[in-house]
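Everything below belongs to my_file00.csv, which stores CSV, C-alpha atoms and all ligand atoms.
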```
chain,number,residue,atom,x,y,z
O,10,MET,CA,-4.5,-20.4,-25.5
O,11,LYS,CA,-2.5,-19.3,-28.5
O,12,ILE,CA,-0.6,-16.0,-27.8
O,13,SER,CA,0.3,-14.1,-30.9
O,14,LYS,CA,3.8,-13.0,-31.7
O,15,GLU,CA,2.8,-9.3,-31.3
O,16,THR,CA,1.4,-10.0,-27.8
O,17,LYS,CA,4.5,-11.9,-26.8
O,18,ILE,CA,6.7,-9.0,-27.8
O,19,ASP,CA,4.4,-6.6,-26.1
O,20,LEU,CA,4.6,-8.6,-22.8
O,21,PHE,CA,8.4,-8.7,-23.0
O,22,THR,CA,8.6,-5.0,-23.8
O,23,ARG,CA,6.3,-3.9,-21.0
O,24,MET,CA,8.4,-5.9,-18.5
O,25,VAL,CA,11.7,-4.4,-19.7
O,26,LYS,CA,10.2,-1.0,-19.5
O,27,ILE,CA,9.3,-1.5,-15.9
O,28,ARG,CA,12.7,-2.9,-15.0
O,29,THR,CA,14.5,-0.1,-16.7
O,30,PHE,CA,12.4,2.5,-15.0
O,31,GLU,CA,12.9,1.0,-11.6
O,32,ASP,CA,16.6,0.4,-12.0
O,33,GLU,CA,17.1,4.0,-13.0
O,34,THR,CA,14.8,5.2,-10.1
O,35,HIS,CA,16.9,3.1,-7.7
O,36,LYS,CA,20.1,4.9,-8.8
O,37,ILE,CA,18.7,8.4,-8.6
O,38,PHE,CA,17.1,7.6,-5.2
O,39,MET,CA,20.4,6.3,-3.8
O,40,ALA,CA,22.2,9.4,-5.0
O,41,GLY,CA,20.1,11.0,-2.3
O,42,LYS,CA,19.6,14.4,-3.9
O,43,GLU,CA,16.5,14.5,-6.2
O,44,MET,CA,13.9,12.0,-5.1
O,45,PRO,CA,12.2,12.7,-1.7
O,46,GLY,CA,10.3,10.2,0.3
O,47,PHE,CA,10.3,6.4,0.5
O,48,LEU,CA,10.9,4.0,-2.4
O,49,HIS,CA,9.6,0.4,-2.7
O,50,LEU,CA,10.6,-1.3,-5.9
O,51,SER,CA,9.1,-4.3,-7.6
O,52,GLN,CA,12.0,-5.8,-9.6
O,53,GLY,CA,11.3,-9.5,-9.9
O,54,GLU,CA,7.5,-9.0,-9.8
O,55,GLU,CA,7.0,-7.6,-13.3
O,56,ALA,CA,5.2,-10.7,-14.8
O,57,MET,CA,2.3,-10.2,-12.4
O,58,ALA,CA,1.8,-6.6,-13.4
O,59,VAL,CA,2.3,-7.1,-17.1
O,60,GLY,CA,0.4,-10.4,-17.4
O,61,THR,CA,-2.6,-8.8,-15.7
O,62,CYS,CA,-2.6,-5.3,-17.3
O,63,ALA,CA,-2.1,-6.7,-20.8
O,64,ASN,CA,-5.6,-8.0,-20.6
O,65,LEU,CA,-7.1,-4.6,-19.7
O,66,THR,CA,-8.0,-1.5,-21.6
O,67,PHE,CA,-7.8,2.1,-20.3
O,68,ASP,CA,-11.5,1.8,-19.5
O,69,ASP,CA,-10.8,-0.9,-17.0
O,70,ALA,CA,-9.5,0.2,-13.7
O,71,ILE,CA,-6.6,-0.9,-11.5
O,72,TYR,CA,-5.6,-0.2,-7.9
O,73,THR,CA,-2.2,-1.0,-6.6
O,74,THR,CA,0.0,-0.7,-3.6
O,75,HIS,CA,3.1,1.1,-2.2
O,76,ARG,CA,5.0,-1.2,-4.6
O,77,GLY,CA,3.0,-0.1,-7.6
O,78,HIS,CA,5.2,1.5,-10.3
O,79,GLY,CA,5.2,-1.7,-12.3
O,80,CYS,CA,1.5,-2.0,-12.4
O,81,ILE,CA,1.0,1.6,-13.5
O,82,ILE,CA,3.7,1.3,-16.3
O,83,ALA,CA,2.1,-2.1,-17.3
O,84,LYS,CA,-1.3,-0.4,-17.6
O,85,GLY,CA,0.2,2.2,-20.1
O,86,ALA,CA,0.9,5.3,-18.1
O,87,ASP,CA,3.4,7.8,-19.6
O,88,LEU,CA,6.8,7.6,-18.0
O,89,LYS,CA,7.4,11.4,-18.0
O,90,PRO,CA,4.7,12.4,-15.5
O,91,MET,CA,5.5,9.4,-13.5
O,92,MET,CA,9.2,10.3,-13.1
O,93,ALA,CA,8.3,13.9,-12.5
O,94,GLU,CA,6.0,12.7,-9.7
O,95,LEU,CA,8.8,10.8,-8.1
O,96,PHE,CA,10.9,14.0,-8.2
O,97,GLY,CA,8.0,15.9,-6.5
O,98,ARG,CA,7.6,18.3,-9.5
O,99,ILE,CA,4.6,20.2,-10.8
O,100,ASP,CA,4.4,18.1,-14.0
O,101,GLY,CA,4.0,14.9,-12.1
O,102,CYS,CA,0.9,12.8,-12.6
O,103,CYS,CA,-0.4,14.1,-9.3
O,104,LYS,CA,1.3,17.5,-9.5
O,105,GLY,CA,4.1,16.3,-7.2
O,106,ARG,CA,1.9,15.7,-4.2
O,107,ALA,CA,1.6,11.9,-4.3
O,108,GLY,CA,5.1,10.6,-4.8
O,109,SER,CA,5.9,7.0,-5.2
O,110,MET,CA,3.2,5.5,-3.0
O,111,HIS,CA,0.1,7.4,-4.1
O,112,PHE,CA,0.4,7.6,-7.9
O,113,ALA,CA,-2.8,7.9,-9.9
O,114,ASP,CA,-3.3,8.3,-13.7
O,115,VAL,CA,-7.0,8.3,-14.3
O,116,LYS,CA,-6.9,8.5,-18.1
O,117,THR,CA,-5.1,5.1,-18.3
O,118,GLY,CA,-7.4,3.7,-15.6
O,119,CYS,CA,-4.8,3.8,-12.8
O,120,MET,CA,-7.1,4.8,-10.0
O,121,GLY,CA,-4.5,4.9,-7.3
O,122,SER,CA,-1.6,3.3,-5.5
O,123,ASN,CA,-2.0,3.1,-1.8
O,124,GLY,CA,0.3,3.3,1.2
O,125,ILE,CA,-2.3,1.8,3.5
O,126,VAL,CA,-2.0,-2.0,3.2
O,127,GLY,CA,-5.1,-3.6,1.8
O,128,GLU,CA,-7.1,-0.4,1.3
O,129,GLY,CA,-6.9,-0.5,-2.5
O,130,MET,CA,-9.3,-3.4,-2.2
O,131,ARG,CA,-12.1,-1.3,-0.6
O,132,LEU,CA,-11.7,1.4,-3.3
O,133,ALA,CA,-11.8,-1.3,-6.0
O,134,ILE,CA,-15.2,-2.4,-4.8
O,135,GLY,CA,-16.5,1.2,-5.3
O,136,THR,CA,-15.2,1.4,-8.8
O,137,ALA,CA,-16.5,-2.1,-9.7
O,138,PHE,CA,-19.9,-1.2,-8.2
O,139,ALA,CA,-20.0,1.8,-10.6
O,140,GLN,CA,-18.9,-0.3,-13.5
O,141,LYS,CA,-21.7,-2.8,-12.9
O,142,TYR,CA,-24.3,-0.1,-12.1
O,143,GLN,CA,-23.5,1.7,-15.3
O,144,LYS,CA,-23.6,-1.6,-17.2
O,145,THR,CA,-20.2,-0.9,-18.7
O,146,LYS,CA,-18.7,-4.5,-18.9
O,147,ASN,CA,-15.5,-3.0,-17.6
O,148,VAL,CA,-13.6,-4.6,-14.8
O,149,THR,CA,-11.4,-3.6,-11.9
O,150,ALA,CA,-8.1,-5.4,-11.0
O,151,VAL,CA,-6.7,-4.8,-7.6
O,152,PHE,CA,-3.1,-5.7,-6.7
O,153,PHE,CA,-2.0,-6.5,-3.2
O,154,GLY,CA,0.6,-8.6,-1.4
O,155,ASP,CA,0.8,-11.5,1.0
O,156,GLY,CA,0.8,-9.1,3.9
O,157,ALA,CA,-2.6,-7.7,2.9
O,158,THR,CA,-4.4,-11.0,3.0
O,159,GLY,CA,-4.8,-10.9,6.7
O,160,THR,CA,-6.5,-7.5,6.7
O,161,GLY,CA,-10.2,-6.9,7.3
O,162,ALA,CA,-10.1,-5.0,4.0
O,163,PHE,CA,-9.4,-8.3,2.1
O,164,HIS,CA,-12.2,-10.3,3.6
O,165,GLU,CA,-14.8,-7.5,3.7
O,166,SER,CA,-14.1,-6.5,0.1
O,167,PHE,CA,-14.1,-10.0,-1.2
O,168,ASN,CA,-17.4,-10.7,0.6
O,169,MET,CA,-19.0,-7.6,-0.8
O,170,ALA,CA,-17.7,-8.2,-4.3
O,171,ALA,CA,-19.0,-11.8,-4.2
O,172,THR,CA,-22.4,-10.9,-2.7
O,173,LEU,CA,-23.0,-8.1,-5.2
O,174,LYS,CA,-21.3,-10.0,-8.1
O,175,LEU,CA,-18.9,-7.2,-8.8
O,176,PRO,CA,-16.3,-7.4,-11.6
O,177,VAL,CA,-13.2,-7.4,-9.4
O,178,ILE,CA,-10.0,-9.4,-10.1
O,179,PHE,CA,-8.1,-9.8,-6.8
O,180,VAL,CA,-4.4,-10.1,-7.8
O,181,CYS,CA,-2.2,-11.2,-5.0
O,182,SER,CA,1.6,-11.1,-5.6
O,183,ILE,CA,3.1,-13.5,-3.1
O,184,ASN,CA,6.7,-12.2,-2.7
O,185,PHE,CA,7.0,-14.1,0.7
O,186,TYR,CA,7.5,-11.0,2.9
O,187,ALA,CA,5.4,-8.4,4.5
O,188,GLN,CA,8.1,-5.9,5.4
O,189,MET,CA,10.5,-8.3,7.1
O,190,THR,CA,7.9,-10.9,8.1
O,191,HIS,CA,7.8,-14.2,6.2
O,192,LYS,CA,4.5,-15.4,5.0
O,193,SER,CA,4.8,-18.6,7.0
O,194,VAL,CA,4.5,-16.5,10.2
O,195,HIS,CA,1.2,-14.9,9.4
O,196,ILE,CA,-0.7,-17.0,6.8
O,197,PRO,CA,-1.9,-20.3,8.2
O,198,ILE,CA,-2.6,-22.0,4.8
O,199,GLU,CA,-0.4,-22.8,1.8
O,200,HIS,CA,-2.4,-21.0,-0.8
O,201,VAL,CA,-4.4,-17.9,0.0
O,202,ALA,CA,-6.3,-18.2,-3.3
O,203,ASP,CA,-8.2,-21.1,-1.5
O,204,ARG,CA,-10.0,-18.4,0.5
O,205,ALA,CA,-11.9,-17.4,-2.6
O,206,ALA,CA,-13.9,-20.6,-2.3
O,207,GLY,CA,-15.2,-19.2,1.1
O,208,TYR,CA,-16.9,-16.5,-0.9
O,209,GLY,CA,-18.1,-18.8,-3.7
O,210,ALA,CA,-15.6,-17.4,-6.2
O,211,PRO,CA,-12.9,-19.0,-8.3
O,212,GLY,CA,-9.3,-18.7,-7.0
O,213,VAL,CA,-6.1,-20.1,-8.6
O,214,THR,CA,-2.5,-20.2,-7.5
O,215,ILE,CA,0.1,-19.9,-10.3
O,216,ASP,CA,3.7,-19.3,-11.0
O,217,GLY,CA,3.8,-15.5,-10.9
O,218,ASN,CA,7.1,-15.3,-12.7
O,219,ASP,CA,5.7,-16.8,-15.9
O,220,VAL,CA,4.2,-13.9,-17.8
O,221,GLU,CA,2.3,-15.9,-20.3
O,222,LEU,CA,0.7,-18.0,-17.6
O,223,VAL,CA,-0.3,-14.9,-15.7
O,224,TYR,CA,-1.7,-13.4,-19.0
O,225,GLU,CA,-3.7,-16.6,-19.7
O,226,GLU,CA,-5.1,-16.9,-16.2
O,227,VAL,CA,-6.1,-13.3,-16.0
O,228,SER,CA,-7.8,-13.5,-19.4
O,229,LYS,CA,-10.1,-16.2,-17.9
O,230,ALA,CA,-10.7,-13.9,-14.9
O,231,VAL,CA,-11.5,-11.0,-17.1
O,232,LYS,CA,-14.0,-13.1,-19.1
O,233,HIS,CA,-15.6,-14.3,-15.9
O,234,CYS,CA,-15.9,-10.7,-14.6
O,235,ARG,CA,-17.2,-9.2,-17.9
O,236,ALA,CA,-19.8,-11.9,-18.0
O,237,GLY,CA,-21.2,-10.6,-14.7
O,238,LYS,CA,-20.2,-13.7,-12.7
O,239,GLY,CA,-18.5,-11.8,-9.8
O,240,PRO,CA,-15.0,-11.7,-8.5
O,241,TYR,CA,-12.0,-13.9,-9.3
O,242,MET,CA,-8.8,-14.4,-7.4
O,243,ILE,CA,-5.3,-14.9,-8.9
O,244,GLU,CA,-2.4,-15.7,-6.5
O,245,GLY,CA,1.0,-15.5,-8.2
O,246,ILE,CA,4.1,-16.8,-6.6
O,247,THR,CA,7.0,-14.4,-7.1
O,248,TYR,CA,9.8,-12.6,-5.3
O,249,ARG,CA,11.1,-9.1,-4.8
O,250,HIS,CA,14.7,-8.7,-5.7
O,251,HIS,CA,15.2,-5.7,-3.4
O,252,GLY,CA,14.3,-5.3,0.2
O,253,HIS,CA,11.0,-4.0,1.5
O,254,PHE,CA,12.2,-0.4,0.8
O,255,ILE,CA,15.4,0.9,-0.7
O,256,GLY,CA,17.8,1.0,2.2
O,257,ASP,CA,16.5,-2.2,3.8
O,258,PRO,CA,19.6,-4.3,4.6
O,259,CYS,CA,17.6,-7.5,4.1
O,260,ASN,CA,19.3,-9.4,7.0
O,261,TYR,CA,16.1,-11.4,7.5
O,262,ARG,CA,16.6,-13.2,4.2
O,263,PRO,CA,18.3,-16.6,4.5
O,264,ALA,CA,21.6,-16.8,2.7
O,265,GLY,CA,21.2,-17.9,-0.9
O,266,GLU,CA,17.5,-17.2,-1.1
O,267,LEU,CA,17.8,-14.2,-3.4
O,268,GLU,CA,20.3,-16.0,-5.7
O,269,GLU,CA,17.8,-18.9,-6.1
O,270,TRP,CA,15.1,-16.5,-7.1
O,271,LEU,CA,17.4,-14.5,-9.5
O,272,LYS,CA,17.5,-17.8,-11.5
O,273,LYS,CA,13.8,-17.4,-11.9
O,274,ASP,CA,13.9,-13.8,-12.9
O,275,PRO,CA,10.7,-13.4,-15.1
O,276,ILE,CA,12.4,-11.2,-17.7
O,277,VAL,CA,15.5,-13.4,-18.1
O,278,LEU,CA,13.2,-16.5,-18.4
O,279,TYR,CA,11.0,-14.9,-20.9
O,280,GLU,CA,13.9,-13.6,-23.0
O,281,GLN,CA,15.3,-17.1,-23.2
O,282,LYS,CA,11.9,-18.5,-24.1
O,283,LEU,CA,11.4,-15.9,-26.9
O,284,LEU,CA,14.9,-16.5,-28.3
O,285,LYS,CA,14.3,-20.3,-28.3
O,286,GLU,CA,10.9,-19.8,-30.1
O,287,GLY,CA,12.5,-17.5,-32.6
O,288,VAL,CA,10.0,-14.7,-31.7
O,289,LEU,CA,13.0,-12.4,-31.0
O,290,ASP,CA,16.7,-12.5,-31.9
O,291,GLU,CA,19.5,-11.0,-29.8
O,292,LYS,CA,19.6,-7.8,-32.0
O,293,ARG,CA,15.9,-7.1,-31.5
O,294,ILE,CA,16.2,-7.7,-27.8
O,295,GLN,CA,19.0,-5.2,-27.6
O,296,GLN,CA,16.9,-2.7,-29.5
O,297,ILE,CA,14.0,-3.1,-27.2
O,298,LYS,CA,16.2,-2.6,-24.2
O,299,GLU,CA,17.7,0.5,-25.8
O,300,GLU,CA,14.3,1.9,-26.7
O,301,CYS,CA,13.2,1.4,-23.0
O,302,LYS,CA,16.4,3.1,-21.8
O,303,ASN,CA,15.8,6.1,-24.1
O,304,LEU,CA,12.2,6.4,-22.8
O,305,VAL,CA,13.4,6.4,-19.2
O,306,ASP,CA,16.2,8.9,-19.9
O,307,GLU,CA,13.7,11.2,-21.6
O,308,ALA,CA,11.5,10.8,-18.5
O,309,VAL,CA,14.3,11.8,-16.2
O,310,ALA,CA,15.2,14.8,-18.3
O,311,PHE,CA,11.5,15.8,-18.3
O,312,ALA,CA,11.4,15.5,-14.5
O,313,ARG,CA,14.6,17.5,-14.0
O,314,GLN,CA,13.3,20.5,-16.1
O,315,SER,CA,9.9,20.5,-14.4
O,316,PRO,CA,9.5,23.3,-11.7
O,317,GLN,CA,8.9,22.6,-8.0
O,318,PRO,CA,5.3,23.3,-7.2
O,319,ASP,CA,4.5,26.8,-5.9
O,320,ILE,CA,3.6,27.1,-2.3
O,321,GLU,CA,0.0,28.1,-3.3
O,322,GLU,CA,-0.4,24.7,-4.8
O,323,LEU,CA,-0.8,23.4,-1.2
O,324,TYR,CA,-4.3,24.9,-1.0
O,325,LYS,CA,-5.5,23.8,-4.5
O,326,ASP,CA,-7.7,20.7,-5.3
O,327,ILE,CA,-8.7,20.3,-1.6
O,328,LEU,CA,-12.1,18.9,-0.9
O,329,ALA,CA,-13.5,20.2,2.4
W,401,LIG,C1,-2.8,-0.7,7.4
W,401,LIG,C2,-1.3,-0.7,7.4
W,401,LIG,N1,-0.6,-1.5,8.3
W,401,LIG,C3,0.7,-1.6,8.3
W,401,LIG,C4,1.5,-0.8,7.4
W,401,LIG,C5,3.0,-0.9,7.3
W,401,LIG,N2,3.4,-1.7,6.1
W,401,LIG,C6,3.8,-1.1,5.0
W,401,LIG,S1,4.1,-2.2,3.8
W,401,LIG,C7,3.7,-3.5,4.8
W,401,LIG,C8,3.9,-4.9,4.3
W,401,LIG,C9,3.1,-5.2,3.1
W,401,LIG,O1,3.4,-6.5,2.7
W,401,LIG,P1,2.7,-7.1,1.4
W,401,LIG,O2,1.2,-6.8,1.5
W,401,LIG,O3,3.1,-8.4,1.3
W,401,LIG,O4,3.2,-6.1,0.2
W,401,LIG,P2,4.8,-6.1,-0.3
W,401,LIG,O5,5.4,-5.0,0.5
W,401,LIG,O6,5.4,-7.4,-0.1
W,401,LIG,O7,4.6,-5.7,-1.7
W,401,LIG,C10,3.4,-3.0,6.1
W,401,LIG,C11,3.0,-3.9,7.2
W,401,LIG,C12,0.7,0.0,6.5
W,401,LIG,N3,1.4,0.7,5.5
W,401,LIG,N4,-0.6,0.0,6.5
W,402,MG,MG,4.7,-9.3,0.3
```
Any chance you could put this one into structure tokens?
Amino acid sequence: MKISKETKIDLFTRMVKIRTFEDETHKIFMAGKEMPGFLHLSQGEEAMAVGTCANLTFDDAIYTTHRGHGCIIAKGADLKPMMAELFGRIDGCCKGRAGSMHFADVKTGCMGSNGIVGEGMRLAIGTAFAQKYQKTKNVTAVFFGDGATGTGAFHESFNMAATLKLPVIFVCSINFYAQMTHKSVHIPIEHVADRAAGYGAPGVTIDGNDVELVYEEVSKAVKHCRAGKGPYMIEGITYRHHGHFIGDPCNYRPAGELEEWLKKDPIVLYEQKLLKEGVLDEKRIQQIKEECKNLVDEAVAFARQSPQPDIEELYKDILA
């Protein structure tokens, strides 16, 4: 597959945008004053989010997890309401009610993050059913982690998607840990994508730190789904640079493990590749990084000036 220069620059820029947003979020959260709740960051896993979402339009849907900022940024959501949401403010994409773990941005097709491990998969089936029923040719991608592959939600959703031939791309980011538990402790096989065969669907395991590879593999999955052939599974091997949540001391990680993975940082690798290919030079890379920093700074300023929700907001938009 030949990837155009524009697409390569777009893939790089989206990854830098996510990294910059999450690095800034980390700092603000650690200062302990403005950002309530829990924070799970995805630095290191950007290639999975970007390589997937770069194949989708706003009319396609995604569902993601408690570690979902990257997917939502990759899909094209505006950083300002996202940051305001993390600050719990009224101009947040969910009016300050959702916070980090329950982001949604329907206009860009971000149907929801989810703090309940695996549950995004069940919701994805519903959206994919609607896409098929309405003959839209749109698809739904659902992101989840290694920890979610043992849930009933995974197997039930995959079975239903395959039986009804629903356009669902199951995107599993293997970052090796479910909270503090290593994948070798709870997954009895080497590659969980092999399980797709049990439902008669294609499943591939790839290097999840190679953004072009993720982009190419997901493009095959999207084609498969748009053609009405049912679900497809992509398993990408990657790593989270931070702990499970911000504040996790990570004492379950063997010495040197993080350092090895930092050498495979998807953004650093891609930057080197694009420099070597002459797609970008040092100056343009710097510019992209500055542009992303400006966007994030503007988002923080926007969040800071947004009011706290009124107490009456508590009773609005409730379905009973
Ligand atoms: C149904 C359910 N069980 C347990 C938890 C507690 N929990 C939160 S995150 C997590 C681990 C998830 O691991 P994984 O799916 O690999 O995602 P990652 O955090 O690595 O991105 C667990 C067990 C939960 N939120 N929901
Ligand atoms: Mg995990």
Taking all atoms listed in the file into account, report as an NGL selection string which residues have an atom no farther than 12 Å from an atom of ligand MG 402 (chain W). :O and (49-51 or 54 or 74-76 or 126-127 or 152-159 or 181-193 or 195-196 or 244-254)
Excluding O:Thr136 and any residue of its chain fewer than 4 positions from it, enumerate the residues within 8 Å of it, using all atoms listed in the file, and give them as a PDB file with C-alpha atoms, keeping the file's coordinate frame.
```
ATOM      1  CA  ALA O  70      -9.500   0.200 -13.700  1.00  0.00           C
ATOM      2  CA  LEU O 132     -11.700   1.400  -3.300  1.00  0.00           C
ATOM      3  CA  GLN O 140     -18.900  -0.300 -13.500  1.00  0.00           C
ATOM      4  CA  THR O 149     -11.400  -3.600 -11.900  1.00  0.00           C
TER       5      THR O 149
END
```
In terms of the shortest atom-to-atom distance over only C-alpha atoms, which of O:Gln296, O:Ala171, O:Gly53, O:Gly60 is closest to O:Glu268?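 The closest residue to O:Glu268 is O:Gly53.
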Of O:Ile37, O:Ala150, O:Ala162, O:Ile18, the one sitting nearest O:Ile243 when using all atoms listed in the file is O:Ala150
Nearest to ligand LIG 401 (chain W), chosen from O:Glu55, O:Glu221, O:Asp306, O:Asp203, with all atoms listed in the file counted in the distances: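 Smallest distance to ligand LIG 401 (chain W) is found for O:Glu55.
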Could you check how far atom CA of O:Gly124 sits from atom C12 of ligand LIG 401 (chain W), in Å to one decimal? 6.3 Å
Option closest in space to ligand LIG 401 (chain W), from O:Phe67, O:Tyr224, O:Phe96, O:Phe163 [counting only C-alpha atoms and all ligand atoms]: O:Phe163
Nearest to O:Phe21, restricted to all atoms listed in the file and choosing among O:Ser109, O:Ala83, O:Ile99, O:Gly135, comes out as O:Ala83
Exercise: O:Ala63 partners within 12 Å, all atoms listed in the file, chain neighbours under 6 positions left out, as JSON, numbers by chain: {"O": [12, 15, 16, 17, 18, 19, 20, 21, 22, 23, 24, 55, 56, 57, 69, 71, 80, 81, 82, 83, 84, 85, 150, 220, 221, 223, 224, 225, 226, 227, 228, 231]}
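Distances from O:Thr160, O:Ser122, O:Gln52, O:Asn64 to ligand LIG 401 (chain W) were compared using only C-alpha atoms and all ligand atoms, and the smallest one belongs to O:Thr160.
What separates atom CA of O:Ile27 from atom CA of O:Thr61 is a distance of 14.0 Å.
In this model, the gap between atom CA of O:Leu88 and atom CA of O:Ile125 comes to 24.1 Å.
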